[in-house]
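Some notes on the structure that comes next.
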Amino acid sequence: MSTPGHVDLDKSSGGNSVKYNYTAIGWGNDHGAISFGSIHLRADVTSDILLQASDGEHFFSMDKDGPRKGWTTSMSPGNFQVECGSNRAKADDTCMINAKNGNIDIIATNGKIRLQADSIEMFACGAGDEGNVQIVATETASIFGTKVIVNSKVNTKVMSSGITEVIANSCLKMYGSIISGVSDAVAVKDSKVGGKRYCESNTQT
């Protein structure tokens, strides 16, 4: 970060993006500082309000122009905590994060992401090609619960390139208006009722 009112001529910022400011002011001591109109190190962004702690990685910045126009950035070398709703009712929507355009990324670079609540609801409300929920696990995706219900209006498919097991320790019920099943033998010789095409379309290589 630059000092208030100073222009940092960093060549990496590009010749036409250097910012100038003659009205910046600031106050600070060995514990921290607050400035209005400070210019960032590369001289490409002006900060309307910059709040800095004694640690260089501990700051809060509301940027005005340049490639980060309208950005609000908070950086902490330690924990970042947000708590609210102590005087609200259980049914109230107390904390909201809304991206009017664009995506919301929550990333734990070297750790876990945990969601904990009395109940968790997920809605994908898009139309057409949107409205999808996708879960990708490089190892194991596990679902545990007293009841697990999967209900779809058009198609439900469970597929594995390895072993698939269906286990019920009490009773296994299966119902279908039409039930058909084929083994990999139809790949060599089709059955009397067909099945070779279904085998080929579902064989993963």
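Going by the structure tokens order, chains are called A, B, ..., each with residues numbered from 1, while ligands are numbered from 1 in the order shown.
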
message: Which residues are near Val193 (chain A)? Cut-off 12 Å, only C-alpha atoms, ignore same chain within fewer than 3 positions. Put them as a ChimeraX atom specification.
response: /A:180-182,186,189-190,196-198

Tell me, counting only C-alpha atoms, for each residue of region 52-103 of chain A within 6 Å of region 25-42 of chain A, which pair of atoms is nearest and how far apart they are in Å to one decimal, in rows ordered by chain and increasing number, as CSV.
residue,atom,partner,partner_atom,distance
A:Gln52,CA,A:Ala33,CA,5.2
A:Ala53,CA,A:Gly32,CA,4.2
A:Ser54,CA,A:His31,CA,5.0

message: For the helix (DSSP H, G or I) assignment from backbone DSSP, which residues of region 1-201 of chain A qualify? Please present them as a PyMOL selection string.
response: chain A and resi 11-13+15-17+66-68+184-187+196-201

Residue selection dump (N, CA and C atoms) as a compact mmCIF listing (two decimals), in the first residue's frame:
# COMPACT_ATOMS: atom_id res chain seq x y z
N LYS A 11 6.29 0.21 -12.59
CA LYS A 11 6.24 -0.06 -14.02
C LYS A 11 5.28 -1.20 -14.35
N SER A 12 5.07 -2.13 -13.40
CA SER A 12 4.19 -3.27 -13.67
C SER A 12 2.74 -2.85 -13.78
N SER A 13 2.40 -1.62 -13.38
CA SER A 13 1.01 -1.18 -13.42
C SER A 13 0.58 -0.71 -14.80
N GLY A 15 1.62 2.11 -18.18
CA GLY A 15 1.83 3.54 -18.25
C GLY A 15 0.57 4.38 -18.11
N ASN A 16 -0.58 3.91 -18.63
CA ASN A 16 -1.78 4.72 -18.65
C ASN A 16 -2.67 4.51 -17.43
N SER A 17 -2.29 3.62 -16.51
CA SER A 17 -3.17 3.30 -15.39
C SER A 17 -2.69 3.93 -14.08
N GLY A 66 -10.05 1.96 -11.23
CA GLY A 66 -9.09 1.00 -11.76
C GLY A 66 -9.69 -0.38 -11.93
N PRO A 67 -8.85 -1.43 -11.99
CA PRO A 67 -9.35 -2.79 -12.21
C PRO A 67 -10.19 -3.33 -11.05
N ARG A 68 -10.17 -2.65 -9.90
CA ARG A 68 -10.97 -3.09 -8.75
C ARG A 68 -12.01 -2.04 -8.37
N ASP A 184 -23.98 -58.86 -19.57
CA ASP A 184 -23.02 -58.52 -20.59
C ASP A 184 -22.94 -59.58 -21.69
N ALA A 185 -23.63 -60.69 -21.51
CA ALA A 185 -23.63 -61.75 -22.53
C ALA A 185 -24.26 -61.27 -23.84
N VAL A 186 -25.18 -60.30 -23.76
CA VAL A 186 -25.83 -59.82 -24.98
C VAL A 186 -24.87 -59.05 -25.86
N ALA A 187 -23.71 -58.67 -25.33
CA ALA A 187 -22.73 -57.98 -26.15
C ALA A 187 -22.19 -58.90 -27.23
N LYS A 196 -28.90 -55.80 -26.58
CA LYS A 196 -27.52 -55.51 -26.98
C LYS A 196 -27.28 -54.01 -27.08
N ARG A 197 -28.23 -53.30 -27.66
CA ARG A 197 -28.07 -51.86 -27.80
C ARG A 197 -28.05 -51.18 -26.43
N TYR A 198 -28.88 -51.65 -25.51
CA TYR A 198 -28.90 -51.09 -24.15
C TYR A 198 -27.58 -51.36 -23.44
N CYS A 199 -27.01 -52.53 -23.68
CA CYS A 199 -25.72 -52.88 -23.10
C CYS A 199 -24.63 -51.96 -23.62
N GLU A 200 -24.62 -51.73 -24.93
CA GLU A 200 -23.59 -50.89 -25.53
C GLU A 200 -23.68 -49.44 -25.07
N SER A 201 -24.90 -48.94 -24.89
CA SER A 201 -25.09 -47.54 -24.52
C SER A 201 -24.72 -47.29 -23.06

message: DSSP on the backbone, strand (DSSP E) only: what residues of region 27-164 of chain A does that give? Format it as a PyMOL selection string.
response: chain A and resi 27-28+32-36+38-39+46-53+59-63+72-75

Atoms kept (C-alpha atoms) for selection, written as a PDB file, in the first residue's frame:
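That gives us part-v2.pdb:
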ATOM      1  CA  TRP A  27      -4.095   9.249  10.403  1.00  0.00           C
ATOM      2  CA  GLY A  28      -2.085   6.504  12.043  1.00  0.00           C
ATOM      3  CA  GLY A  32      -2.651   1.042  12.595  1.00  0.00           C
ATOM      4  CA  ALA A  33      -3.834   3.694  10.171  1.00  0.00           C
ATOM      5  CA  ILE A  34      -6.891   4.934   8.325  1.00  0.00           C
ATOM      6  CA  SER A  35      -6.674   6.888   5.084  1.00  0.00           C
ATOM      7  CA  PHE A  36      -9.048   8.380   2.530  1.00  0.00           C
ATOM      8  CA  SER A  38      -4.785   6.261  -0.634  1.00  0.00           C
ATOM      9  CA  ILE A  39      -3.245   4.808  -3.808  1.00  0.00           C
ATOM     10  CA  THR A  46      -7.451   4.451  -5.534  1.00  0.00           C
ATOM     11  CA  SER A  47      -8.926   3.394  -2.202  1.00  0.00           C
ATOM     12  CA  ASP A  48     -11.793   5.571  -0.948  1.00  0.00           C
ATOM     13  CA  ILE A  49     -11.281   4.156   2.559  1.00  0.00           C
ATOM     14  CA  LEU A  50      -8.298   2.075   3.650  1.00  0.00           C
ATOM     15  CA  LEU A  51      -8.062   0.672   7.173  1.00  0.00           C
ATOM     16  CA  GLN A  52      -4.683  -0.900   7.998  1.00  0.00           C
ATOM     17  CA  ALA A  53      -3.416  -2.789  11.045  1.00  0.00           C
ATOM     18  CA  PHE A  59      -6.460  -4.503   6.178  1.00  0.00           C
ATOM     19  CA  PHE A  60      -9.883  -3.442   4.907  1.00  0.00           C
ATOM     20  CA  SER A  61     -10.139  -1.519   1.652  1.00  0.00           C
ATOM     21  CA  MET A  62     -13.043   0.075  -0.255  1.00  0.00           C
ATOM     22  CA  ASP A  63     -11.626   0.693  -3.721  1.00  0.00           C
ATOM     23  CA  THR A  72     -14.521  -4.182  -0.969  1.00  0.00           C
ATOM     24  CA  THR A  73     -11.597  -6.286   0.241  1.00  0.00           C
ATOM     25  CA  SER A  74     -10.927  -7.617   3.722  1.00  0.00           C
ATOM     26  CA  MET A  75      -7.755  -9.566   4.509  1.00  0.00           C
TER      27      MET A  75
END

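In this model, the gap between CA of Lys90 (chain A) and CA of Met122 (chain A) comes to 18.5 Å.
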
task: Would you work out the distance separating CA of Lys19 (chain A) from CA of Asp65 (chain A), expressed in Å to one decimal?
output: 9.2 Å
